[in-house]
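Colleague: File target05.txt follows (compact mmCIF, N, CA and C atoms and all ligand atoms):
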# COMPACT_ATOMS: atom_id res chain seq x y z
N MET S 666 -27.78 8.32 -12.83
CA MET S 666 -27.40 9.64 -12.31
C MET S 666 -26.21 10.17 -13.12
N ALA S 667 -26.26 11.37 -13.55
CA ALA S 667 -25.16 11.93 -14.32
C ALA S 667 -24.08 12.45 -13.37
N SER S 668 -22.84 12.13 -13.67
CA SER S 668 -21.74 12.65 -12.87
C SER S 668 -21.22 13.90 -13.54
N SER S 669 -20.93 14.89 -12.73
CA SER S 669 -20.28 16.05 -13.32
C SER S 669 -18.78 15.87 -13.09
N VAL S 670 -18.02 15.97 -14.14
CA VAL S 670 -16.58 15.72 -14.05
C VAL S 670 -15.87 17.05 -13.96
N LYS S 671 -15.12 17.21 -12.88
CA LYS S 671 -14.42 18.47 -12.69
C LYS S 671 -12.95 18.28 -12.97
N HIS S 672 -12.49 18.96 -13.99
CA HIS S 672 -11.06 18.91 -14.31
C HIS S 672 -10.69 20.22 -14.98
N MET S 673 -9.71 20.90 -14.38
CA MET S 673 -9.22 22.13 -15.01
C MET S 673 -8.10 21.74 -15.96
N PRO S 674 -8.22 22.06 -17.24
CA PRO S 674 -7.16 21.71 -18.17
C PRO S 674 -5.80 22.20 -17.65
N GLY S 675 -4.79 21.37 -17.81
CA GLY S 675 -3.46 21.76 -17.35
C GLY S 675 -3.18 21.40 -15.91
N THR S 676 -4.15 20.86 -15.21
CA THR S 676 -3.91 20.46 -13.82
C THR S 676 -3.94 18.93 -13.70
N LEU S 677 -3.43 18.47 -12.56
CA LEU S 677 -3.46 17.05 -12.25
C LEU S 677 -4.71 16.83 -11.40
N THR S 678 -5.58 15.92 -11.83
CA THR S 678 -6.83 15.71 -11.09
C THR S 678 -7.02 14.24 -10.75
N LEU S 679 -7.30 13.98 -9.48
CA LEU S 679 -7.61 12.61 -9.06
C LEU S 679 -9.12 12.48 -8.94
N HIS S 680 -9.71 11.62 -9.75
CA HIS S 680 -11.15 11.33 -9.67
C HIS S 680 -11.30 10.14 -8.73
N THR S 681 -12.13 10.30 -7.72
CA THR S 681 -12.29 9.24 -6.71
C THR S 681 -13.76 8.85 -6.55
N CYS S 682 -13.96 7.75 -5.83
CA CYS S 682 -15.32 7.38 -5.44
C CYS S 682 -15.70 8.25 -4.23
N SER S 683 -16.88 8.02 -3.69
CA SER S 683 -17.38 8.91 -2.64
C SER S 683 -16.58 8.81 -1.34
N LEU S 684 -15.84 7.72 -1.16
CA LEU S 684 -15.03 7.63 0.07
C LEU S 684 -13.84 8.57 0.01
N ASP S 685 -13.42 8.89 -1.20
CA ASP S 685 -12.32 9.83 -1.41
C ASP S 685 -11.11 9.42 -0.58
N ASP S 686 -10.70 10.28 0.36
CA ASP S 686 -9.51 10.04 1.18
C ASP S 686 -9.90 9.44 2.52
N GLY S 687 -11.20 9.23 2.73
CA GLY S 687 -11.71 8.89 4.06
C GLY S 687 -11.78 7.42 4.37
N GLY S 688 -11.50 6.57 3.40
CA GLY S 688 -11.60 5.13 3.64
C GLY S 688 -10.36 4.59 4.32
N PRO S 689 -10.32 3.28 4.53
CA PRO S 689 -9.14 2.67 5.14
C PRO S 689 -7.92 2.79 4.23
N LYS S 690 -6.75 2.62 4.80
CA LYS S 690 -5.48 2.78 4.07
C LYS S 690 -5.42 1.95 2.79
N PHE S 691 -6.05 0.76 2.83
CA PHE S 691 -5.96 -0.15 1.68
C PHE S 691 -6.99 0.17 0.59
N HIS S 692 -7.86 1.14 0.85
CA HIS S 692 -8.87 1.50 -0.14
C HIS S 692 -8.18 2.13 -1.36
N PRO S 693 -8.57 1.73 -2.58
CA PRO S 693 -7.86 2.21 -3.78
C PRO S 693 -7.74 3.73 -3.87
N CYS S 694 -8.79 4.46 -3.53
CA CYS S 694 -8.72 5.92 -3.64
C CYS S 694 -7.79 6.51 -2.58
N HIS S 695 -7.80 5.92 -1.40
CA HIS S 695 -6.89 6.37 -0.33
C HIS S 695 -5.44 6.11 -0.74
N LYS S 696 -5.18 4.94 -1.32
CA LYS S 696 -3.82 4.62 -1.75
C LYS S 696 -3.33 5.62 -2.80
N ALA S 697 -4.23 5.99 -3.71
CA ALA S 697 -3.85 6.94 -4.75
C ALA S 697 -3.52 8.30 -4.14
N HIS S 698 -4.36 8.76 -3.19
CA HIS S 698 -4.07 10.02 -2.50
C HIS S 698 -2.71 9.96 -1.80
N ASP S 699 -2.48 8.88 -1.04
CA ASP S 699 -1.23 8.76 -0.29
C ASP S 699 -0.02 8.83 -1.24
N ALA S 700 -0.12 8.12 -2.35
CA ALA S 700 1.02 8.08 -3.27
C ALA S 700 1.30 9.46 -3.86
N LEU S 701 0.24 10.18 -4.22
CA LEU S 701 0.43 11.51 -4.80
C LEU S 701 1.04 12.46 -3.78
N ARG S 702 0.53 12.40 -2.54
CA ARG S 702 1.07 13.27 -1.49
C ARG S 702 2.53 12.94 -1.20
N GLU S 703 2.80 11.63 -1.04
CA GLU S 703 4.16 11.22 -0.68
C GLU S 703 5.17 11.61 -1.75
N ALA S 704 4.73 11.67 -3.00
CA ALA S 704 5.64 12.04 -4.09
C ALA S 704 5.66 13.55 -4.33
N GLY S 705 4.93 14.31 -3.49
CA GLY S 705 5.01 15.77 -3.56
C GLY S 705 4.19 16.41 -4.67
N HIS S 706 3.18 15.70 -5.17
CA HIS S 706 2.37 16.27 -6.25
C HIS S 706 1.34 17.26 -5.72
N THR S 707 1.10 18.30 -6.50
CA THR S 707 -0.01 19.22 -6.24
C THR S 707 -1.12 18.79 -7.19
N TYR S 708 -2.31 18.55 -6.65
CA TYR S 708 -3.39 18.04 -7.51
C TYR S 708 -4.75 18.44 -6.97
N GLU S 709 -5.73 18.40 -7.87
CA GLU S 709 -7.12 18.64 -7.51
C GLU S 709 -7.80 17.30 -7.27
N THR S 710 -8.86 17.32 -6.49
CA THR S 710 -9.65 16.09 -6.30
C THR S 710 -11.06 16.30 -6.83
N ASP S 711 -11.55 15.31 -7.56
CA ASP S 711 -12.94 15.32 -8.02
C ASP S 711 -13.61 14.06 -7.48
N ILE S 712 -14.53 14.25 -6.52
CA ILE S 712 -15.29 13.10 -6.04
C ILE S 712 -16.34 12.81 -7.10
N PHE S 713 -16.11 11.70 -7.80
CA PHE S 713 -16.85 11.45 -9.05
C PHE S 713 -18.32 11.16 -8.82
N ASP S 714 -18.61 10.28 -7.85
CA ASP S 714 -20.04 10.02 -7.58
C ASP S 714 -20.29 10.08 -6.08
N LYS S 715 -20.63 11.26 -5.65
CA LYS S 715 -20.74 11.57 -4.22
C LYS S 715 -21.78 10.71 -3.48
N ASN S 716 -22.84 10.31 -4.16
CA ASN S 716 -23.93 9.64 -3.44
C ASN S 716 -23.88 8.12 -3.50
N ARG S 717 -22.72 7.58 -3.88
CA ARG S 717 -22.62 6.12 -3.98
C ARG S 717 -21.46 5.63 -3.14
N PRO S 718 -21.70 5.40 -1.84
CA PRO S 718 -20.61 4.97 -0.96
C PRO S 718 -19.89 3.74 -1.51
N MET S 719 -18.57 3.81 -1.60
CA MET S 719 -17.70 2.75 -2.08
C MET S 719 -18.02 2.32 -3.51
N GLY S 720 -18.70 3.19 -4.24
CA GLY S 720 -19.00 2.85 -5.63
C GLY S 720 -20.07 1.79 -5.77
N LEU S 721 -20.83 1.57 -4.69
CA LEU S 721 -21.85 0.51 -4.72
C LEU S 721 -22.89 0.77 -5.81
N PHE S 722 -23.27 -0.29 -6.45
CA PHE S 722 -24.32 -0.26 -7.49
C PHE S 722 -23.95 0.63 -8.68
N THR S 723 -22.67 0.75 -8.91
CA THR S 723 -22.27 1.62 -10.02
C THR S 723 -21.87 0.82 -11.26
N LYS S 724 -21.82 -0.50 -11.14
CA LYS S 724 -21.33 -1.30 -12.26
C LYS S 724 -22.09 -0.96 -13.54
N GLY S 725 -21.37 -0.56 -14.52
CA GLY S 725 -22.00 -0.20 -15.80
C GLY S 725 -22.75 1.11 -15.76
N LYS S 726 -22.56 1.86 -14.67
CA LYS S 726 -23.35 3.09 -14.52
C LYS S 726 -22.49 4.34 -14.46
N ARG S 727 -21.30 4.22 -15.00
CA ARG S 727 -20.45 5.42 -15.07
C ARG S 727 -20.11 5.66 -16.54
N PRO S 728 -21.14 5.91 -17.34
CA PRO S 728 -20.90 6.05 -18.79
C PRO S 728 -19.93 7.18 -19.12
N LYS S 729 -19.97 8.25 -18.33
CA LYS S 729 -19.06 9.36 -18.61
C LYS S 729 -17.61 8.93 -18.40
N LEU S 730 -17.39 8.16 -17.29
CA LEU S 730 -16.04 7.67 -17.01
C LEU S 730 -15.60 6.70 -18.11
N LYS S 731 -16.53 5.88 -18.57
CA LYS S 731 -16.22 4.92 -19.64
C LYS S 731 -15.84 5.66 -20.92
N GLU S 732 -16.58 6.69 -21.20
CA GLU S 732 -16.30 7.51 -22.39
C GLU S 732 -14.90 8.13 -22.29
N MET S 733 -14.57 8.56 -21.07
CA MET S 733 -13.28 9.22 -20.86
C MET S 733 -12.11 8.24 -20.88
N THR S 734 -12.29 7.09 -20.20
CA THR S 734 -11.14 6.23 -19.91
C THR S 734 -11.24 4.82 -20.46
N GLY S 735 -12.41 4.44 -20.98
CA GLY S 735 -12.58 3.08 -21.49
C GLY S 735 -12.91 2.07 -20.41
N GLN S 736 -13.09 2.50 -19.19
CA GLN S 736 -13.45 1.60 -18.09
C GLN S 736 -14.23 2.41 -17.05
N GLU S 737 -14.77 1.69 -16.03
CA GLU S 737 -15.72 2.39 -15.15
C GLU S 737 -15.33 2.39 -13.68
N LYS S 738 -14.06 2.07 -13.38
CA LYS S 738 -13.67 2.05 -11.97
C LYS S 738 -12.89 3.30 -11.59
N LEU S 739 -12.94 3.57 -10.31
CA LEU S 739 -12.18 4.67 -9.73
C LEU S 739 -11.17 4.08 -8.75
N PRO S 740 -10.06 4.69 -8.48
CA PRO S 740 -9.69 6.04 -8.89
C PRO S 740 -9.13 6.11 -10.32
N VAL S 741 -9.20 7.32 -10.85
CA VAL S 741 -8.60 7.64 -12.14
C VAL S 741 -7.82 8.94 -11.97
N LEU S 742 -6.61 8.94 -12.48
CA LEU S 742 -5.81 10.16 -12.44
C LEU S 742 -5.81 10.80 -13.82
N GLU S 743 -6.21 12.06 -13.88
CA GLU S 743 -6.21 12.78 -15.16
C GLU S 743 -4.99 13.69 -15.19
N LEU S 744 -4.15 13.48 -16.16
CA LEU S 744 -2.90 14.23 -16.26
C LEU S 744 -3.14 15.59 -16.91
N PRO S 745 -2.22 16.53 -16.69
CA PRO S 745 -2.36 17.85 -17.31
C PRO S 745 -2.49 17.76 -18.83
N SER S 746 -1.92 16.72 -19.43
CA SER S 746 -1.99 16.54 -20.89
C SER S 746 -3.36 16.07 -21.34
N GLY S 747 -4.23 15.66 -20.39
CA GLY S 747 -5.54 15.13 -20.74
C GLY S 747 -5.55 13.61 -20.80
N GLU S 748 -4.36 12.99 -20.62
CA GLU S 748 -4.31 11.52 -20.59
C GLU S 748 -4.77 11.01 -19.23
N PHE S 749 -5.10 9.71 -19.18
CA PHE S 749 -5.60 9.12 -17.94
C PHE S 749 -4.72 7.98 -17.48
N VAL S 750 -4.57 7.88 -16.15
CA VAL S 750 -3.95 6.71 -15.54
C VAL S 750 -5.05 6.07 -14.70
N THR S 751 -5.38 4.81 -14.99
CA THR S 751 -6.51 4.17 -14.30
C THR S 751 -6.03 3.10 -13.32
N GLY S 752 -6.71 3.00 -12.18
CA GLY S 752 -6.41 1.97 -11.19
C GLY S 752 -5.34 2.42 -10.21
N SER S 753 -5.53 2.03 -8.95
CA SER S 753 -4.62 2.52 -7.91
C SER S 753 -3.18 2.08 -8.13
N SER S 754 -2.95 0.86 -8.61
CA SER S 754 -1.56 0.40 -8.78
C SER S 754 -0.82 1.26 -9.79
N ASP S 755 -1.47 1.53 -10.90
CA ASP S 755 -0.81 2.34 -11.93
C ASP S 755 -0.66 3.79 -11.46
N ILE S 756 -1.61 4.27 -10.68
CA ILE S 756 -1.49 5.64 -10.16
C ILE S 756 -0.32 5.73 -9.18
N VAL S 757 -0.19 4.72 -8.31
CA VAL S 757 0.94 4.71 -7.37
C VAL S 757 2.26 4.69 -8.15
N ALA S 758 2.32 3.84 -9.18
CA ALA S 758 3.55 3.75 -9.98
C ALA S 758 3.83 5.09 -10.67
N TRP S 759 2.79 5.72 -11.22
CA TRP S 759 2.98 6.99 -11.91
C TRP S 759 3.47 8.06 -10.93
N ALA S 760 2.86 8.09 -9.74
CA ALA S 760 3.22 9.11 -8.75
C ALA S 760 4.70 8.99 -8.38
N LYS S 761 5.16 7.75 -8.20
CA LYS S 761 6.57 7.54 -7.83
C LYS S 761 7.49 7.90 -9.00
N ALA S 762 7.13 7.45 -10.18
CA ALA S 762 7.98 7.68 -11.35
C ALA S 762 8.09 9.16 -11.70
N ASN S 763 7.08 9.93 -11.29
CA ASN S 763 7.06 11.36 -11.64
C ASN S 763 7.14 12.24 -10.40
N SER S 764 7.79 11.75 -9.35
CA SER S 764 7.83 12.51 -8.10
C SER S 764 8.47 13.87 -8.33
N GLN S 765 8.01 14.84 -7.57
CA GLN S 765 8.43 16.22 -7.78
C GLN S 765 9.83 16.45 -7.22
N PRO S 766 10.72 17.04 -8.03
CA PRO S 766 12.10 17.27 -7.57
C PRO S 766 12.14 18.08 -6.28
N SER S 767 11.23 19.03 -6.13
CA SER S 767 11.22 19.87 -4.94
C SER S 767 10.89 19.06 -3.70
N HIS S 768 10.38 17.84 -3.93
CA HIS S 768 9.98 17.01 -2.80
C HIS S 768 11.15 16.21 -2.23
N THR S 769 12.21 16.02 -3.03
CA THR S 769 13.35 15.26 -2.53
C THR S 769 14.08 16.12 -1.50
N ASP S 770 14.55 15.49 -0.46
CA ASP S 770 15.16 16.22 0.64
C ASP S 770 16.61 16.59 0.30
N ALA S 771 16.80 17.88 0.02
CA ALA S 771 18.13 18.35 -0.38
C ALA S 771 19.13 18.19 0.76
N ARG S 772 18.64 18.04 1.98
CA ARG S 772 19.56 17.90 3.11
C ARG S 772 20.06 16.48 3.29
N ALA S 773 19.42 15.53 2.60
CA ALA S 773 19.85 14.14 2.76
C ALA S 773 21.25 13.97 2.19
N PRO S 774 22.14 13.32 2.93
CA PRO S 774 23.51 13.18 2.43
C PRO S 774 23.58 12.24 1.24
N ASP S 775 24.50 12.54 0.33
CA ASP S 775 24.77 11.67 -0.80
C ASP S 775 25.38 10.38 -0.26
N PRO S 776 24.80 9.19 -0.60
CA PRO S 776 25.33 7.94 -0.05
C PRO S 776 26.82 7.78 -0.33
N GLN S 777 27.28 8.30 -1.50
CA GLN S 777 28.72 8.20 -1.84
C GLN S 777 29.56 8.88 -0.77
N SER S 778 29.06 10.02 -0.29
CA SER S 778 29.84 10.80 0.67
C SER S 778 29.91 10.12 2.03
N LEU S 779 29.08 9.10 2.25
CA LEU S 779 29.08 8.41 3.55
C LEU S 779 30.06 7.24 3.56
N ARG S 780 30.54 6.86 2.36
CA ARG S 780 31.49 5.71 2.31
C ARG S 780 32.72 6.05 3.13
N GLY S 781 33.15 5.11 3.93
CA GLY S 781 34.38 5.32 4.71
C GLY S 781 34.10 5.95 6.05
N ILE S 782 32.87 6.40 6.27
CA ILE S 782 32.55 6.99 7.57
C ILE S 782 32.12 5.87 8.50
N ARG S 783 32.72 5.78 9.65
CA ARG S 783 32.38 4.73 10.60
C ARG S 783 31.75 5.30 11.84
N1 LIG S 801 -8.28 -2.83 -8.58
C1 LIG S 801 -8.88 -1.52 -8.64
C2 LIG S 801 -10.21 -1.54 -7.89
C3 LIG S 801 -10.96 -0.25 -8.05
C4 LIG S 801 -12.37 -0.33 -7.48
O1 LIG S 801 -12.94 -1.41 -7.22
N2 LIG S 801 -12.93 0.86 -7.29
C5 LIG S 801 -14.27 0.99 -6.78
C6 LIG S 801 -14.41 2.30 -6.01
S1 LIG S 801 -13.20 2.44 -4.74
C7 LIG S 801 -15.25 1.04 -7.93
O2 LIG S 801 -15.04 1.78 -8.87
N3 LIG S 801 -16.32 0.25 -7.81
C8 LIG S 801 -17.42 0.29 -8.75
C9 LIG S 801 -17.36 -0.79 -9.77
O3 LIG S 801 -16.60 -1.77 -9.61
O4 LIG S 801 -18.10 -0.67 -10.76
C10 LIG S 801 -7.92 -0.47 -8.07
O5 LIG S 801 -7.10 -0.82 -7.21
O6 LIG S 801 -7.96 0.70 -8.48
The structure in this file should be written as structure tokens.
Ligand SMILES: N[C@@H](CCC(=O)N[C@@H](CS)C(=O)NCC(=O)O)C(=O)O
Modeller:
Amino acid sequence: MASSVKHMPGTLTLHTCSLDDGGPKFHPCHKAHDALREAGHTYETDIFDKNRPMGLFTKGKRPKLKEMTGQEKLPVLELPSGEFVTGSSDIVAWAKANSQPSHTDARAPDPQSLRGIR
């Protein structure tokens, strides 16, 4: 089955399996969504293979993904530059390392300013 890959150049796109955000918390695609949201990222979602629940029977059958990223597992994060971050652990790390400044709470007190307060 051919997958159609949806990515608007210049945007951040998360390619997921058919469970997308709907699986359990520990599911790789769910973890990637959570990390991106928690870090304040605005991103598009592309459900890569809609008819294959949990990526079942896909081994070796995502040639387009392999062509794009050199591997065939999801999730994959496509950066605005066109580069890819593969695997939920690396996506979580990327989301944290690149968290959006607007997402940090400006009302949170500077820890330095709390020194000496009892
Ligand atoms: N360790 C990987 C596991 C990714 C994974 O197994 N993804 C599933 C979909 S959620 C998949 O692509 N399965 C198809 C396959 O293994 O070919 C991660 O955390 O991202």
Colleague: If we draw a sphere of 12 Å around (-11.8, 8.3, -20.4), which residues have at least one atom in it when counting only C-alpha atoms? Please report them as a list in words.
Modeller: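 Output: Val670, His680, Arg727, Pro728, Lys729, Leu730, Lys731, Glu732, Met733, Thr734, Gly735, Gln736, Glu737, Lys738, Leu739, Pro740, Val741, Leu742, Glu743, Leu744, Gly747, Glu748, Phe749, Val750 and Thr751 of chain S.
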Colleague: Here is a test: counting only C-alpha atoms and all ligand atoms, which residue of S:Pro745, S:Gly705, S:Pro693, S:Pro766 is nearest to ligand LIG 801 (chain S)?
Modeller: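 Looking only at the distances to ligand LIG 801 (chain S), the closest residue turns out to be S:Pro693.
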Colleague: Looking only at the backbone, which of the residues in stretch 693-746 of chain S does DSSP tag as alpha helix (DSSP H), as a short mmCIF file (atom, residue, chain, number, x, y, z; two decimals) with N, CA and C atoms, in the coordinates of the input?
Modeller:
data_model
loop_
_atom_site.label_atom_id
_atom_site.label_comp_id
_atom_site.auth_asym_id
_atom_site.auth_seq_id
_atom_site.Cartn_x
_atom_site.Cartn_y
_atom_site.Cartn_z
N PRO S 693 -8.57 1.73 -2.58
CA PRO S 693 -7.86 2.21 -3.78
C PRO S 693 -7.74 3.73 -3.87
N CYS S 694 -8.79 4.46 -3.53
CA CYS S 694 -8.72 5.92 -3.64
C CYS S 694 -7.79 6.51 -2.58
N HIS S 695 -7.80 5.92 -1.40
CA HIS S 695 -6.89 6.37 -0.33
C HIS S 695 -5.44 6.11 -0.74
N LYS S 696 -5.18 4.94 -1.32
CA LYS S 696 -3.82 4.62 -1.75
C LYS S 696 -3.33 5.62 -2.80
N ALA S 697 -4.23 5.99 -3.71
CA ALA S 697 -3.85 6.94 -4.75
C ALA S 697 -3.52 8.30 -4.14
N HIS S 698 -4.36 8.76 -3.19
CA HIS S 698 -4.07 10.02 -2.50
C HIS S 698 -2.71 9.96 -1.80
N ASP S 699 -2.48 8.88 -1.04
CA ASP S 699 -1.23 8.76 -0.29
C ASP S 699 -0.02 8.83 -1.24
N ALA S 700 -0.12 8.12 -2.35
CA ALA S 700 1.02 8.08 -3.27
C ALA S 700 1.30 9.46 -3.86
N LEU S 701 0.24 10.18 -4.22
CA LEU S 701 0.43 11.51 -4.80
C LEU S 701 1.04 12.46 -3.78
N ARG S 702 0.53 12.40 -2.54
CA ARG S 702 1.07 13.27 -1.49
C ARG S 702 2.53 12.94 -1.20
N GLU S 703 2.80 11.63 -1.04
CA GLU S 703 4.16 11.22 -0.68
C GLU S 703 5.17 11.61 -1.75
N PRO S 728 -21.14 5.91 -17.34
CA PRO S 728 -20.90 6.05 -18.79
C PRO S 728 -19.93 7.18 -19.12
N LYS S 729 -19.97 8.25 -18.33
CA LYS S 729 -19.06 9.36 -18.61
C LYS S 729 -17.61 8.93 -18.40
N LEU S 730 -17.39 8.16 -17.29
CA LEU S 730 -16.04 7.67 -17.01
C LEU S 730 -15.60 6.70 -18.11
N LYS S 731 -16.53 5.88 -18.57
CA LYS S 731 -16.22 4.92 -19.64
C LYS S 731 -15.84 5.66 -20.92
N GLU S 732 -16.58 6.69 -21.20
CA GLU S 732 -16.30 7.51 -22.39
C GLU S 732 -14.90 8.13 -22.29
N MET S 733 -14.57 8.56 -21.07
CA MET S 733 -13.28 9.22 -20.86
C MET S 733 -12.11 8.24 -20.88
N THR S 734 -12.29 7.09 -20.20
CA THR S 734 -11.14 6.23 -19.91
C THR S 734 -11.24 4.82 -20.46
#
Colleague: Identify, with DSSP run on backbone atoms, the residues in stretch 678-723 of chain S assigned to strand (DSSP E), and express the list as a ChimeraX atom specification.
Modeller: /S:678-681,709-712
Colleague: Show me which residues sit within 12 Å of ligand LIG 801 (chain S) when counting only C-alpha atoms and all ligand atoms, and put them as a ChimeraX atom specification.
Modeller: /S:679-698,712-715,717-728,730-731,736-742,750-758
Colleague: Quote the spacing between atom CA of S:Ala760 and atom C of S:Thr676 in Å to one decimal place.
Modeller: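 Going from atom CA of S:Ala760 over to atom C of S:Thr676 covers 13.1 Å.
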Colleague: In Å, with one decimal, what is the gap from atom CA of S:Gly675 to atom CA of S:Glu709?
Modeller: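 Atom CA of S:Glu709 lies 11.0 Å from atom CA of S:Gly675.
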Colleague: Please, what distance in Å, to one decimal, runs between atom CA of S:Ser767 and atom N of S:Lys671?
Modeller: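 Computing the Euclidean distance for atom CA of S:Ser767 and atom N of S:Lys671 yields 27.6 Å.
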Colleague: Between S:Thr678, S:Met673, S:Ser746, S:Ala762, which residue has the minimum interatomic distance to S:Thr710, considering all atoms listed in the file?
Modeller: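 With all atoms listed in the file as the atom set, the closest residue is S:Thr678.
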Colleague: Would you pick out the contacts of S:Ala704 at 6.5 Å or less, using all atoms listed in the file, so that residues sharing its chain but fewer than 4 positions from it are not included, and give the list as a list in words?
Modeller: Asp699, Ala700, Ala760, Lys761, Asn763, Ser764, Gln765 and His768 of chain S
